[in-house]
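Source file: input26.cif; contents: mmCIF, N, CA and C atoms.
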data_upload
#
loop_
_atom_site.group_PDB
_atom_site.id
_atom_site.type_symbol
_atom_site.label_atom_id
_atom_site.label_comp_id
_atom_site.auth_asym_id
_atom_site.auth_seq_id
_atom_site.Cartn_x
_atom_site.Cartn_y
_atom_site.Cartn_z
ATOM 1 N N MET A 1 -43.286 37.989 -14.303
ATOM 2 C CA MET A 1 -43.097 36.655 -14.799
ATOM 3 C C MET A 1 -41.631 36.268 -14.711
ATOM 4 N N ASN A 2 -40.782 37.251 -14.847
ATOM 5 C CA ASN A 2 -39.356 37.001 -14.786
ATOM 6 C C ASN A 2 -38.961 36.449 -13.407
ATOM 7 N N ARG A 3 -39.591 36.994 -12.371
ATOM 8 C CA ARG A 3 -39.310 36.515 -11.018
ATOM 9 C C ARG A 3 -39.814 35.098 -10.829
ATOM 10 N N LEU A 4 -40.947 34.782 -11.399
ATOM 11 C CA LEU A 4 -41.500 33.428 -11.282
ATOM 12 C C LEU A 4 -40.581 32.424 -11.967
ATOM 13 N N THR A 5 -40.043 32.784 -13.095
ATOM 14 C CA THR A 5 -39.119 31.910 -13.811
ATOM 15 C C THR A 5 -37.842 31.717 -12.998
ATOM 16 N N LEU A 6 -37.350 32.785 -12.428
ATOM 17 C CA LEU A 6 -36.134 32.703 -11.615
ATOM 18 C C LEU A 6 -36.381 31.851 -10.375
ATOM 19 N N ALA A 7 -37.518 32.025 -9.735
ATOM 20 C CA ALA A 7 -37.853 31.242 -8.544
ATOM 21 C C ALA A 7 -38.001 29.768 -8.894
ATOM 22 N N THR A 8 -38.621 29.491 -10.030
ATOM 23 C CA THR A 8 -38.791 28.101 -10.461
ATOM 24 C C THR A 8 -37.449 27.468 -10.768
ATOM 25 N N ALA A 9 -36.608 28.186 -11.458
ATOM 26 C CA ALA A 9 -35.279 27.671 -11.792
ATOM 27 C C ALA A 9 -34.471 27.421 -10.523
ATOM 28 N N THR A 10 -34.571 28.346 -9.571
ATOM 29 C CA THR A 10 -33.860 28.185 -8.301
ATOM 30 C C THR A 10 -34.380 26.967 -7.550
ATOM 31 N N ALA A 11 -35.689 26.775 -7.523
ATOM 32 C CA ALA A 11 -36.288 25.628 -6.834
ATOM 33 C C ALA A 11 -35.847 24.322 -7.490
ATOM 34 N N LEU A 12 -35.822 24.284 -8.797
ATOM 35 C CA LEU A 12 -35.380 23.075 -9.499
ATOM 36 C C LEU A 12 -33.899 22.789 -9.219
ATOM 37 N N MET A 13 -33.107 23.860 -9.194
ATOM 38 C CA MET A 13 -31.687 23.697 -8.936
ATOM 39 C C MET A 13 -31.465 23.171 -7.506
ATOM 40 N N LEU A 14 -32.175 23.718 -6.551
ATOM 41 C CA LEU A 14 -32.030 23.282 -5.159
ATOM 42 C C LEU A 14 -32.486 21.834 -4.979
ATOM 43 N N SER A 15 -33.572 21.461 -5.637
ATOM 44 C CA SER A 15 -34.038 20.074 -5.522
ATOM 45 C C SER A 15 -33.043 19.123 -6.197
ATOM 46 N N GLY A 16 -32.433 19.581 -7.271
ATOM 47 C CA GLY A 16 -31.388 18.781 -7.928
ATOM 48 C C GLY A 16 -30.181 18.610 -7.033
ATOM 49 N N LEU A 17 -29.790 19.683 -6.336
ATOM 50 C CA LEU A 17 -28.670 19.601 -5.395
ATOM 51 C C LEU A 17 -29.004 18.682 -4.232
ATOM 52 N N ALA A 18 -30.231 18.742 -3.753
ATOM 53 C CA ALA A 18 -30.642 17.874 -2.647
ATOM 54 C C ALA A 18 -30.592 16.418 -3.087
ATOM 55 N N ALA A 19 -31.049 16.128 -4.291
ATOM 56 C CA ALA A 19 -31.010 14.762 -4.808
ATOM 57 C C ALA A 19 -29.564 14.314 -4.987
ATOM 58 N N CYS A 20 -28.742 15.200 -5.508
ATOM 59 C CA CYS A 20 -27.325 14.892 -5.697
ATOM 60 C C CYS A 20 -26.669 14.666 -4.340
ATOM 61 N N SER A 21 -27.024 15.500 -3.376
ATOM 62 C CA SER A 21 -26.460 15.377 -2.046
ATOM 63 C C SER A 21 -26.859 14.035 -1.416
ATOM 64 N N GLN A 22 -28.104 13.629 -1.575
ATOM 65 C CA GLN A 22 -28.563 12.341 -1.038
ATOM 66 C C GLN A 22 -27.828 11.190 -1.717
ATOM 67 N N GLU A 23 -27.660 11.301 -3.024
ATOM 68 C CA GLU A 23 -26.932 10.266 -3.757
ATOM 69 C C GLU A 23 -25.475 10.204 -3.284
ATOM 70 N N THR A 24 -24.877 11.369 -3.062
ATOM 71 C CA THR A 24 -23.504 11.421 -2.572
ATOM 72 C C THR A 24 -23.415 10.800 -1.182
ATOM 73 N N GLN A 25 -24.392 11.089 -0.340
ATOM 74 C CA GLN A 25 -24.405 10.495 0.998
ATOM 75 C C GLN A 25 -24.561 8.976 0.930
ATOM 76 N N ASP A 26 -25.432 8.509 0.048
ATOM 77 C CA ASP A 26 -25.611 7.065 -0.118
ATOM 78 C C ASP A 26 -24.324 6.405 -0.607
ATOM 79 N N ASP A 27 -23.671 7.057 -1.580
ATOM 80 C CA ASP A 27 -22.398 6.536 -2.092
ATOM 81 C C ASP A 27 -21.336 6.494 -0.992
ATOM 82 N N ALA A 28 -21.296 7.540 -0.192
ATOM 83 C CA ALA A 28 -20.323 7.592 0.899
ATOM 84 C C ALA A 28 -20.603 6.494 1.920
ATOM 85 N N ALA A 29 -21.862 6.260 2.208
ATOM 86 C CA ALA A 29 -22.230 5.202 3.162
ATOM 87 C C ALA A 29 -21.840 3.827 2.610
ATOM 88 N N ARG A 30 -22.095 3.597 1.326
ATOM 89 C CA ARG A 30 -21.702 2.323 0.708
ATOM 90 C C ARG A 30 -20.195 2.156 0.715
ATOM 91 N N THR A 31 -19.479 3.234 0.422
ATOM 92 C CA THR A 31 -18.015 3.194 0.428
ATOM 93 C C THR A 31 -17.501 2.870 1.824
ATOM 94 N N ALA A 32 -18.094 3.487 2.832
ATOM 95 C CA ALA A 32 -17.686 3.221 4.216
ATOM 96 C C ALA A 32 -17.962 1.759 4.590
ATOM 97 N N ASP A 33 -19.105 1.238 4.175
ATOM 98 C CA ASP A 33 -19.421 -0.172 4.460
ATOM 99 C C ASP A 33 -18.414 -1.102 3.791
ATOM 100 N N LEU A 34 -18.085 -0.824 2.539
ATOM 101 C CA LEU A 34 -17.127 -1.659 1.823
ATOM 102 C C LEU A 34 -15.731 -1.563 2.453
ATOM 103 N N ALA A 35 -15.358 -0.359 2.855
ATOM 104 C CA ALA A 35 -14.061 -0.188 3.511
ATOM 105 C C ALA A 35 -14.031 -0.956 4.824
ATOM 106 N N GLY A 36 -15.134 -0.911 5.562
ATOM 107 C CA GLY A 36 -15.222 -1.678 6.809
ATOM 108 C C GLY A 36 -15.094 -3.165 6.560
ATOM 109 N N ASP A 37 -15.742 -3.652 5.496
ATOM 110 C CA ASP A 37 -15.633 -5.074 5.143
ATOM 111 C C ASP A 37 -14.194 -5.441 4.793
ATOM 112 N N ASP A 38 -13.526 -4.554 4.041
ATOM 113 C CA ASP A 38 -12.123 -4.804 3.676
ATOM 114 C C ASP A 38 -11.231 -4.844 4.914
ATOM 115 N N ILE A 39 -11.456 -3.902 5.825
ATOM 116 C CA ILE A 39 -10.657 -3.867 7.057
ATOM 117 C C ILE A 39 -10.872 -5.141 7.860
ATOM 118 N N GLU A 40 -12.105 -5.573 7.958
ATOM 119 C CA GLU A 40 -12.417 -6.797 8.703
ATOM 120 C C GLU A 40 -11.749 -8.014 8.067
ATOM 121 N N ALA A 41 -11.813 -8.108 6.756
ATOM 122 C CA ALA A 41 -11.186 -9.240 6.059
ATOM 123 C C ALA A 41 -9.671 -9.207 6.239
ATOM 124 N N ASN A 42 -9.067 -8.029 6.115
ATOM 125 C CA ASN A 42 -7.623 -7.910 6.296
ATOM 126 C C ASN A 42 -7.212 -8.239 7.726
ATOM 127 N N ALA A 43 -8.018 -7.828 8.695
ATOM 128 C CA ALA A 43 -7.717 -8.141 10.097
ATOM 129 C C ALA A 43 -7.761 -9.648 10.325
ATOM 130 N N ALA A 44 -8.700 -10.330 9.684
ATOM 131 C CA ALA A 44 -8.777 -11.782 9.821
ATOM 132 C C ALA A 44 -7.533 -12.450 9.235
ATOM 133 N N VAL A 45 -7.086 -11.970 8.084
ATOM 134 C CA VAL A 45 -5.887 -12.529 7.455
ATOM 135 C C VAL A 45 -4.661 -12.277 8.330
ATOM 136 N N VAL A 46 -4.542 -11.063 8.856
ATOM 137 C CA VAL A 46 -3.403 -10.738 9.728
ATOM 138 C C VAL A 46 -3.455 -11.594 10.986
ATOM 139 N N GLY A 47 -4.637 -11.769 11.547
ATOM 140 C CA GLY A 47 -4.783 -12.604 12.739
ATOM 141 C C GLY A 47 -4.336 -14.032 12.487
ATOM 142 N N GLU A 48 -4.706 -14.581 11.347
ATOM 143 C CA GLU A 48 -4.288 -15.945 11.004
ATOM 144 C C GLU A 48 -2.777 -16.023 10.816
ATOM 145 N N ALA A 49 -2.203 -15.006 10.184
ATOM 146 C CA ALA A 49 -0.750 -14.991 9.981
ATOM 147 C C ALA A 49 -0.024 -14.918 11.321
ATOM 148 N N LEU A 50 -0.525 -14.095 12.228
ATOM 149 C CA LEU A 50 0.089 -14.006 13.563
ATOM 150 C C LEU A 50 -0.043 -15.325 14.313
ATOM 151 N N GLU A 51 -1.186 -15.951 14.195
ATOM 152 C CA GLU A 51 -1.400 -17.241 14.864
ATOM 153 C C GLU A 51 -0.435 -18.295 14.320
ATOM 154 N N ASP A 52 -0.291 -18.342 13.002
ATOM 155 C CA ASP A 52 0.647 -19.300 12.400
ATOM 156 C C ASP A 52 2.077 -19.006 12.841
ATOM 157 N N GLY A 53 2.443 -17.730 12.904
ATOM 158 C CA GLY A 53 3.776 -17.347 13.355
ATOM 159 C C GLY A 53 4.009 -17.738 14.805
ATOM 160 N N ALA A 54 2.995 -17.561 15.640
ATOM 161 C CA ALA A 54 3.122 -17.934 17.051
ATOM 162 C C ALA A 54 3.284 -19.450 17.195
ATOM 163 N N LYS A 55 2.565 -20.215 16.389
ATOM 164 C CA LYS A 55 2.705 -21.684 16.426
ATOM 165 C C LYS A 55 4.118 -22.089 16.005
ATOM 166 N N ASP A 56 4.620 -21.473 14.938
ATOM 167 C CA ASP A 56 5.979 -21.784 14.474
ATOM 168 C C ASP A 56 7.012 -21.416 15.538
ATOM 169 N N ALA A 57 6.837 -20.261 16.168
ATOM 170 C CA ALA A 57 7.777 -19.824 17.202
ATOM 171 C C ALA A 57 7.736 -20.762 18.399
ATOM 172 N N ALA A 58 6.547 -21.187 18.800
ATOM 173 C CA ALA A 58 6.426 -22.104 19.931
ATOM 174 C C ALA A 58 7.103 -23.437 19.615
ATOM 175 N N GLY A 59 6.933 -23.905 18.400
ATOM 176 C CA GLY A 59 7.599 -25.145 17.991
ATOM 177 C C GLY A 59 9.108 -25.001 18.010
ATOM 178 N N ALA A 60 9.607 -23.874 17.531
ATOM 179 C CA ALA A 60 11.052 -23.644 17.508
ATOM 180 C C ALA A 60 11.611 -23.553 18.924
ATOM 181 N N VAL A 61 10.893 -22.894 19.823
ATOM 182 C CA VAL A 61 11.338 -22.791 21.218
ATOM 183 C C VAL A 61 11.356 -24.171 21.860
ATOM 184 N N SER A 62 10.332 -24.953 21.613
ATOM 185 C CA SER A 62 10.257 -26.303 22.172
ATOM 186 C C SER A 62 11.400 -27.167 21.662
ATOM 187 N N GLU A 63 11.658 -27.095 20.370
ATOM 188 C CA GLU A 63 12.749 -27.865 19.783
ATOM 189 C C GLU A 63 14.096 -27.408 20.338
ATOM 190 N N GLY A 64 14.274 -26.104 20.475
ATOM 191 C CA GLY A 64 15.515 -25.568 21.030
ATOM 192 C C GLY A 64 15.721 -26.013 22.470
ATOM 193 N N ALA A 65 14.667 -26.029 23.254
ATOM 194 C CA ALA A 65 14.773 -26.470 24.647
ATOM 195 C C ALA A 65 15.137 -27.947 24.717
ATOM 196 N N ALA A 66 14.556 -28.754 23.847
ATOM 197 C CA ALA A 66 14.880 -30.183 23.821
ATOM 198 C C ALA A 66 16.338 -30.388 23.420
ATOM 199 N N ASN A 67 16.810 -29.633 22.435
ATOM 200 C CA ASN A 67 18.216 -29.735 22.011
ATOM 201 C C ASN A 67 19.155 -29.310 23.138
ATOM 202 N N LEU A 68 18.814 -28.259 23.845
ATOM 203 C CA LEU A 68 19.638 -27.791 24.958
ATOM 204 C C LEU A 68 19.700 -28.848 26.061
ATOM 205 N N GLU A 69 18.564 -29.415 26.388
ATOM 206 C CA GLU A 69 18.528 -30.459 27.418
ATOM 207 C C GLU A 69 19.391 -31.654 27.000
ATOM 208 N N ARG A 70 19.272 -32.063 25.750
ATOM 209 C CA ARG A 70 20.063 -33.192 25.248
ATOM 210 C C ARG A 70 21.558 -32.866 25.299
ATOM 211 N N ASN A 71 21.947 -31.650 24.893
ATOM 212 C CA ASN A 71 23.357 -31.253 24.922
ATOM 213 C C ASN A 71 23.897 -31.213 26.351
ATOM 214 N N ILE A 72 23.103 -30.752 27.273
ATOM 215 C CA ILE A 72 23.541 -30.717 28.674
ATOM 216 C C ILE A 72 23.733 -32.129 29.200
ATOM 217 N N GLU A 73 22.783 -33.005 28.905
ATOM 218 C CA GLU A 73 22.882 -34.385 29.376
ATOM 219 C C GLU A 73 24.075 -35.102 28.749
ATOM 220 N N GLU A 74 24.325 -34.884 27.475
ATOM 221 C CA GLU A 74 25.454 -35.522 26.799
ATOM 222 C C GLU A 74 26.785 -34.983 27.312
ATOM 223 N N GLY A 75 26.831 -33.712 27.668
ATOM 224 C CA GLY A 75 28.069 -33.102 28.126
ATOM 225 C C GLY A 75 28.329 -33.298 29.609
ATOM 226 N N ASP A 76 27.364 -33.795 30.331
ATOM 227 C CA ASP A 76 27.517 -33.968 31.779
ATOM 228 C C ASP A 76 28.109 -35.341 32.063
ATOM 229 N N THR A 77 29.429 -35.404 32.048
ATOM 230 C CA THR A 77 30.109 -36.685 32.259
ATOM 231 C C THR A 77 30.677 -36.815 33.666
ATOM 232 N N GLU A 78 30.562 -35.781 34.482
ATOM 233 C CA GLU A 78 31.082 -35.840 35.837
ATOM 234 C C GLU A 78 30.159 -36.662 36.718
ATOM 235 N N THR A 79 30.773 -37.413 37.602
ATOM 236 C CA THR A 79 29.975 -38.110 38.603
ATOM 237 C C THR A 79 29.954 -37.247 39.847
ATOM 238 N N PRO A 80 28.849 -37.164 40.486
ATOM 239 C CA PRO A 80 28.771 -36.298 41.652
ATOM 240 C C PRO A 80 29.651 -36.828 42.781
ATOM 241 N N GLY A 81 30.349 -35.927 43.434
ATOM 242 C CA GLY A 81 31.206 -36.275 44.565
ATOM 243 C C GLY A 81 30.525 -35.892 45.860
ATOM 244 N N PRO A 82 31.281 -35.960 46.932
ATOM 245 C CA PRO A 82 30.678 -35.604 48.221
ATOM 246 C C PRO A 82 30.403 -34.106 48.280
ATOM 247 N N ALA A 83 29.441 -33.772 49.062
ATOM 248 C CA ALA A 83 29.102 -32.365 49.232
ATOM 249 C C ALA A 83 30.266 -31.673 49.927
ATOM 250 N N PRO A 84 30.590 -30.442 49.556
ATOM 251 C CA PRO A 84 31.752 -29.776 50.153
ATOM 252 C C PRO A 84 31.585 -29.499 51.644
ATOM 253 N N ILE A 85 30.405 -29.263 52.101
ATOM 254 C CA ILE A 85 30.187 -29.016 53.535
ATOM 255 C C ILE A 85 29.080 -29.955 54.001
ATOM 256 N N THR A 86 29.463 -30.906 54.815
ATOM 257 C CA THR A 86 28.478 -31.849 55.333
ATOM 258 C C THR A 86 28.221 -31.645 56.816
ATOM 259 N N GLY A 87 29.015 -30.834 57.436
ATOM 260 C CA GLY A 87 28.855 -30.608 58.862
ATOM 261 C C GLY A 87 29.793 -31.458 59.693
ATOM 262 N N GLN A 88 30.336 -32.524 59.137
ATOM 263 C CA GLN A 88 31.226 -33.411 59.884
ATOM 264 C C GLN A 88 32.668 -32.920 59.836
ATOM 265 N N ASP A 89 33.017 -32.144 58.874
ATOM 266 C CA ASP A 89 34.410 -31.719 58.754
ATOM 267 C C ASP A 89 34.578 -30.207 58.870
ATOM 268 N N LEU A 90 33.687 -29.568 59.612
ATOM 269 C CA LEU A 90 33.745 -28.118 59.740
ATOM 270 C C LEU A 90 35.009 -27.654 60.472
ATOM 271 N N ASN A 91 35.420 -28.365 61.508
ATOM 272 C CA ASN A 91 36.575 -27.950 62.311
ATOM 273 C C ASN A 91 37.770 -28.843 62.061
ATOM 274 N N LYS A 92 37.842 -29.476 60.941
ATOM 275 C CA LYS A 92 38.908 -30.419 60.622
ATOM 276 C C LYS A 92 40.283 -29.758 60.605
ATOM 277 N N ASP A 93 40.346 -28.501 60.251
ATOM 278 C CA ASP A 93 41.642 -27.815 60.157
ATOM 279 C C ASP A 93 42.169 -27.364 61.524
ATOM 280 N N ARG A 94 41.379 -27.454 62.563
ATOM 281 C CA ARG A 94 41.838 -27.079 63.901
ATOM 282 C C ARG A 94 42.461 -28.277 64.604
ATOM 283 N N GLU A 95 43.406 -28.029 65.489
ATOM 284 C CA GLU A 95 44.069 -29.136 66.187
ATOM 285 C C GLU A 95 43.117 -29.840 67.141
ATOM 286 N N ASP A 96 42.412 -29.060 67.948
ATOM 287 C CA ASP A 96 41.489 -29.661 68.915
ATOM 288 C C ASP A 96 40.102 -29.092 68.637
ATOM 289 N N PRO A 97 39.224 -29.838 68.030
ATOM 290 C CA PRO A 97 37.894 -29.315 67.689
ATOM 291 C C PRO A 97 37.078 -28.890 68.905
ATOM 292 N N ALA A 98 37.455 -29.325 70.094
ATOM 293 C CA ALA A 98 36.687 -28.978 71.299
ATOM 294 C C ALA A 98 36.950 -27.540 71.729
ATOM 295 N N GLU A 99 38.020 -26.934 71.329
ATOM 296 C CA GLU A 99 38.362 -25.581 71.768
ATOM 297 C C GLU A 99 37.519 -24.537 71.151
#
Output the file's structure as structure tokens, nothing else.
Amino acid sequence: MNRLTLATATALMLSGLAACSQETQDDAARTADLAGDDIEANAAVVGEALEDGAKDAAGAVSEGAANLERNIEEGDTETPGPAPITGQDLNKDREDPAE
């Protein structure tokens, strides 16, 4: 009878461990699902922040380019002169261009 009691106790203990193990697995699966949801939500927030930053950077670059163009135009007070080499005065420094 002692062996029967020991076998019964062992069987109950093993079934309890199996139930505990299943519960632990279920908890782990739920935890993994929740962690996945958190990661997805955080990725969406980071994506939006990056998008907003890219929009701000594009605006700043555009504004900077417009300011540079305006500064160049305002500072360009020279009137264009003749081209330095037109082909008509290539041999001007020689006495007889035919030589």
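Put simply, atom CA of A:Glu63 is 28.7 Å away from atom CA of A:Ala44.
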Could you please determine the separation between atom CA of A:Arg70 and atom CA of A:Glu51 in Å, to one decimal place?
28.7 Å
If you measure from atom C of A:Val45 to atom N of A:Gly64, what distance in Å do you get, rounded to one decimal?
26.4 Å
Which centre and which edge lengths, in Å to one decimal, describe the axis-aligned box that holds all listed atoms of stretch 22-33 of chain A after 8 Å is added on each side, as JSON?
{"center_x": -23.0, "center_y": 6.3, "center_z": 0.4, "size_x": 27.1, "size_y": 30.7, "size_z": 24.3}
